[in-house]
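A.B. asks: Mind looking over this structure? Questions follow.
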Amino acid sequence: MKKCQTCGAVQVQNDVRCAQCGVFYPTLAELLAAEEFYEEQKTFKGFLKRVWGAETIKQGLGAEFKAFKAGLSNTALLSLYVIAAFVFALLVTVI
Ligand SMILES: [Zn+2]
């Protein structure tokens, strides 16, 4: 039994809009397009599209880096900093 995504009323089969709140139900094509869009966000192609779509490449990369950082937990972020510091320390002692 499907329910309206907006108000939660039970969806009558083959109805194009909700009898309760009047919102139009998404069509299969819309759902598929949304799914495709969501899937593409996670791929490298989606990443390139976002960077390319930004005003400048630099802005696009900056936004991507922020999103990447926001997706990391504090522990993961700390690990990355420790690794960077370790590599830096190694380079300094070698050079
Ligand atoms: Zn509704």
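How things are named: the first chain in the structure tokens is A, the next is B, and so on; residues count from 1 in each chain; ligands count from 1 in the order shown.
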Can you work out which residues are within 12 Å of ligand 1, considering only C-alpha atoms and all ligand atoms, and then hand them over as JSON, numbers by chain?

C.D. replies: {"A": [2, 3, 4, 5, 6, 7, 8, 9, 10, 11, 12, 15, 16, 17, 18, 19, 20, 21, 22, 23, 24, 25, 26]}

A.B. asks: Using only C-alpha atoms, please write the residues we just selected to a file, as an mmCIF file, in the first residue's frame.

C.D. replies:
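What ended up in result21.cif:
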```cif
data_model
loop_
_atom_site.group_PDB
_atom_site.id
_atom_site.type_symbol
_atom_site.label_atom_id
_atom_site.label_comp_id
_atom_site.auth_asym_id
_atom_site.auth_seq_id
_atom_site.Cartn_x
_atom_site.Cartn_y
_atom_site.Cartn_z
ATOM 1 C CA LYS A 2 1.552 3.280 -1.162
ATOM 2 C CA LYS A 3 1.234 6.521 0.740
ATOM 3 C CA CYS A 4 1.387 10.164 -0.288
ATOM 4 C CA GLN A 5 4.929 11.482 0.246
ATOM 5 C CA THR A 6 3.581 14.871 1.305
ATOM 6 C CA CYS A 7 0.672 14.190 3.683
ATOM 7 C CA GLY A 8 0.871 10.426 4.257
ATOM 8 C CA ALA A 9 -2.666 9.690 3.020
ATOM 9 C CA VAL A 10 -3.160 6.300 1.380
ATOM 10 C CA GLN A 11 -2.562 6.516 -2.377
ATOM 11 C CA VAL A 12 -5.423 5.235 -4.550
ATOM 12 C CA ASP A 15 -4.608 8.283 -9.244
ATOM 13 C CA VAL A 16 -2.329 11.013 -10.559
ATOM 14 C CA ARG A 17 -2.761 13.300 -7.570
ATOM 15 C CA CYS A 18 -3.470 12.968 -3.863
ATOM 16 C CA ALA A 19 -7.147 13.195 -2.891
ATOM 17 C CA GLN A 20 -6.166 14.566 0.520
ATOM 18 C CA CYS A 21 -3.690 17.360 -0.234
ATOM 19 C CA GLY A 22 -3.870 17.586 -4.051
ATOM 20 C CA VAL A 23 -0.158 17.095 -4.696
ATOM 21 C CA PHE A 24 0.748 15.263 -7.923
ATOM 22 C CA TYR A 25 2.339 11.869 -7.445
ATOM 23 C CA PRO A 26 5.737 11.500 -9.097
#
```

A.B. asks: Do a neighbour search on stretch 41-50 of chain A at 12 Å with only C-alpha atoms, toss out local chain neighbours closer than 2 positions, and write the hits as a count of residues only.

C.D. replies: 22

A.B. asks: Figure out the distance between atom CA of A:Ala89 and atom CA of A:Leu77, please, to one decimal in Å.

C.D. replies: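 Atom CA of A:Ala89 lies at a distance of 18.3 Å from atom CA of A:Leu77.
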
A.B. asks: For the structure I just gave you, how does DSSP split chain A - specifically, which residues are alpha helix (DSSP H)? Reply as JSON, numbers by chain.

C.D. replies: {"A": [28, 29, 30, 31, 32, 33, 34, 35, 36, 37, 38, 39, 40, 41, 44, 45, 46, 47, 48, 49, 50, 51, 52, 53, 57, 58, 59, 60, 61, 62, 63, 64, 65, 66, 67, 68, 69, 70, 71, 74, 75, 76, 77, 78, 79, 80, 81, 82, 83, 84, 85, 86, 87, 88, 89, 90, 91, 92, 93, 94]}

A.B. asks: Selection from above, C-alpha atoms, as a compact mmCIF listing (two decimals), in the first residue's frame, can you write it?

C.D. replies:
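Okay, this is what ended up in out_19.txt:
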```txt
# COMPACT_ATOMS: atom_id res chain seq x y z
CA LEU A 28 7.85 6.50 -12.89
CA ALA A 29 9.92 8.55 -15.35
CA GLU A 30 10.46 11.25 -12.72
CA LEU A 31 11.43 8.67 -10.11
CA LEU A 32 13.88 7.05 -12.51
CA ALA A 33 15.41 10.42 -13.42
CA ALA A 34 15.77 11.29 -9.74
CA GLU A 35 17.38 7.91 -9.06
CA GLU A 36 19.76 8.36 -12.00
CA PHE A 37 20.68 11.85 -10.77
CA TYR A 38 21.32 10.53 -7.26
CA GLU A 39 23.46 7.67 -8.56
CA GLU A 40 25.47 10.02 -10.76
CA GLN A 41 26.28 12.23 -7.76
CA PHE A 44 33.51 10.42 -10.85
CA LYS A 45 31.43 11.60 -13.82
CA GLY A 46 29.09 13.41 -11.41
CA PHE A 47 32.09 14.93 -9.67
CA LEU A 48 33.48 16.23 -12.97
CA LYS A 49 30.06 17.62 -13.95
CA ARG A 50 29.76 19.54 -10.66
CA VAL A 51 33.29 20.94 -10.91
CA TRP A 52 32.73 21.85 -14.57
CA GLY A 53 29.32 23.38 -13.81
CA ILE A 57 37.10 25.31 -11.71
CA LYS A 58 38.68 26.59 -8.51
CA GLN A 59 35.27 27.29 -6.92
CA GLY A 60 34.02 23.87 -7.99
CA LEU A 61 37.00 22.10 -6.47
CA GLY A 62 36.67 24.18 -3.29
CA ALA A 63 33.02 23.18 -2.91
CA GLU A 64 33.89 19.54 -3.55
CA PHE A 65 36.63 19.64 -0.93
CA LYS A 66 34.22 21.18 1.61
CA ALA A 67 31.62 18.47 0.89
CA PHE A 68 34.30 15.79 1.21
CA LYS A 69 35.46 17.24 4.53
CA ALA A 70 31.86 17.50 5.82
CA GLY A 71 31.32 13.82 4.99
CA ASN A 74 36.41 13.81 13.24
CA THR A 75 38.45 10.63 13.68
CA ALA A 76 38.93 10.25 9.93
CA LEU A 77 39.90 13.91 9.65
CA LEU A 78 42.42 13.54 12.49
CA SER A 79 43.87 10.44 10.81
CA LEU A 80 44.35 12.38 7.57
CA TYR A 81 46.12 15.21 9.42
CA VAL A 82 48.38 12.73 11.23
CA ILE A 83 49.27 11.05 7.91
CA ALA A 84 49.97 14.43 6.30
CA ALA A 85 52.13 15.48 9.26
CA PHE A 86 54.02 12.15 9.14
CA VAL A 87 54.70 12.45 5.40
CA PHE A 88 55.79 16.08 5.91
CA ALA A 89 58.14 15.09 8.75
CA LEU A 90 59.64 12.32 6.60
CA LEU A 91 60.19 14.71 3.69
CA VAL A 92 61.82 17.32 5.91
CA THR A 93 64.27 14.84 7.41
CA VAL A 94 65.22 13.47 3.97
```

A.B. asks: Considering only strand (DSSP E or B) as DSSP defines it on the backbone, what residues of chain A qualify? List them as a PyMOL selection string.

C.D. replies: chain A and resi 3+10+17+24

A.B. asks: With N, CA and C atoms retained, export the selected residues as a JSON list (two decimals), in the first residue's frame.

C.D. replies:
```json
[["chain", "number", "residue", "atom", "x", "y", "z"],
["A", 3, "LYS", "N", 1.74, 5.35, 0.02],
["A", 3, "LYS", "CA", 1.23, 6.52, 0.74],
["A", 3, "LYS", "C", 1.75, 7.79, 0.09],
["A", 10, "VAL", "N", -3.29, 7.50, 2.22],
["A", 10, "VAL", "CA", -3.16, 6.30, 1.38],
["A", 10, "VAL", "C", -3.40, 6.67, -0.08],
["A", 17, "ARG", "N", -3.04, 12.37, -8.65],
["A", 17, "ARG", "CA", -2.76, 13.30, -7.57],
["A", 17, "ARG", "C", -3.47, 12.86, -6.30],
["A", 24, "PHE", "N", 0.62, 16.27, -6.86],
["A", 24, "PHE", "CA", 0.75, 15.26, -7.92],
["A", 24, "PHE", "C", 1.75, 14.21, -7.51]]
```
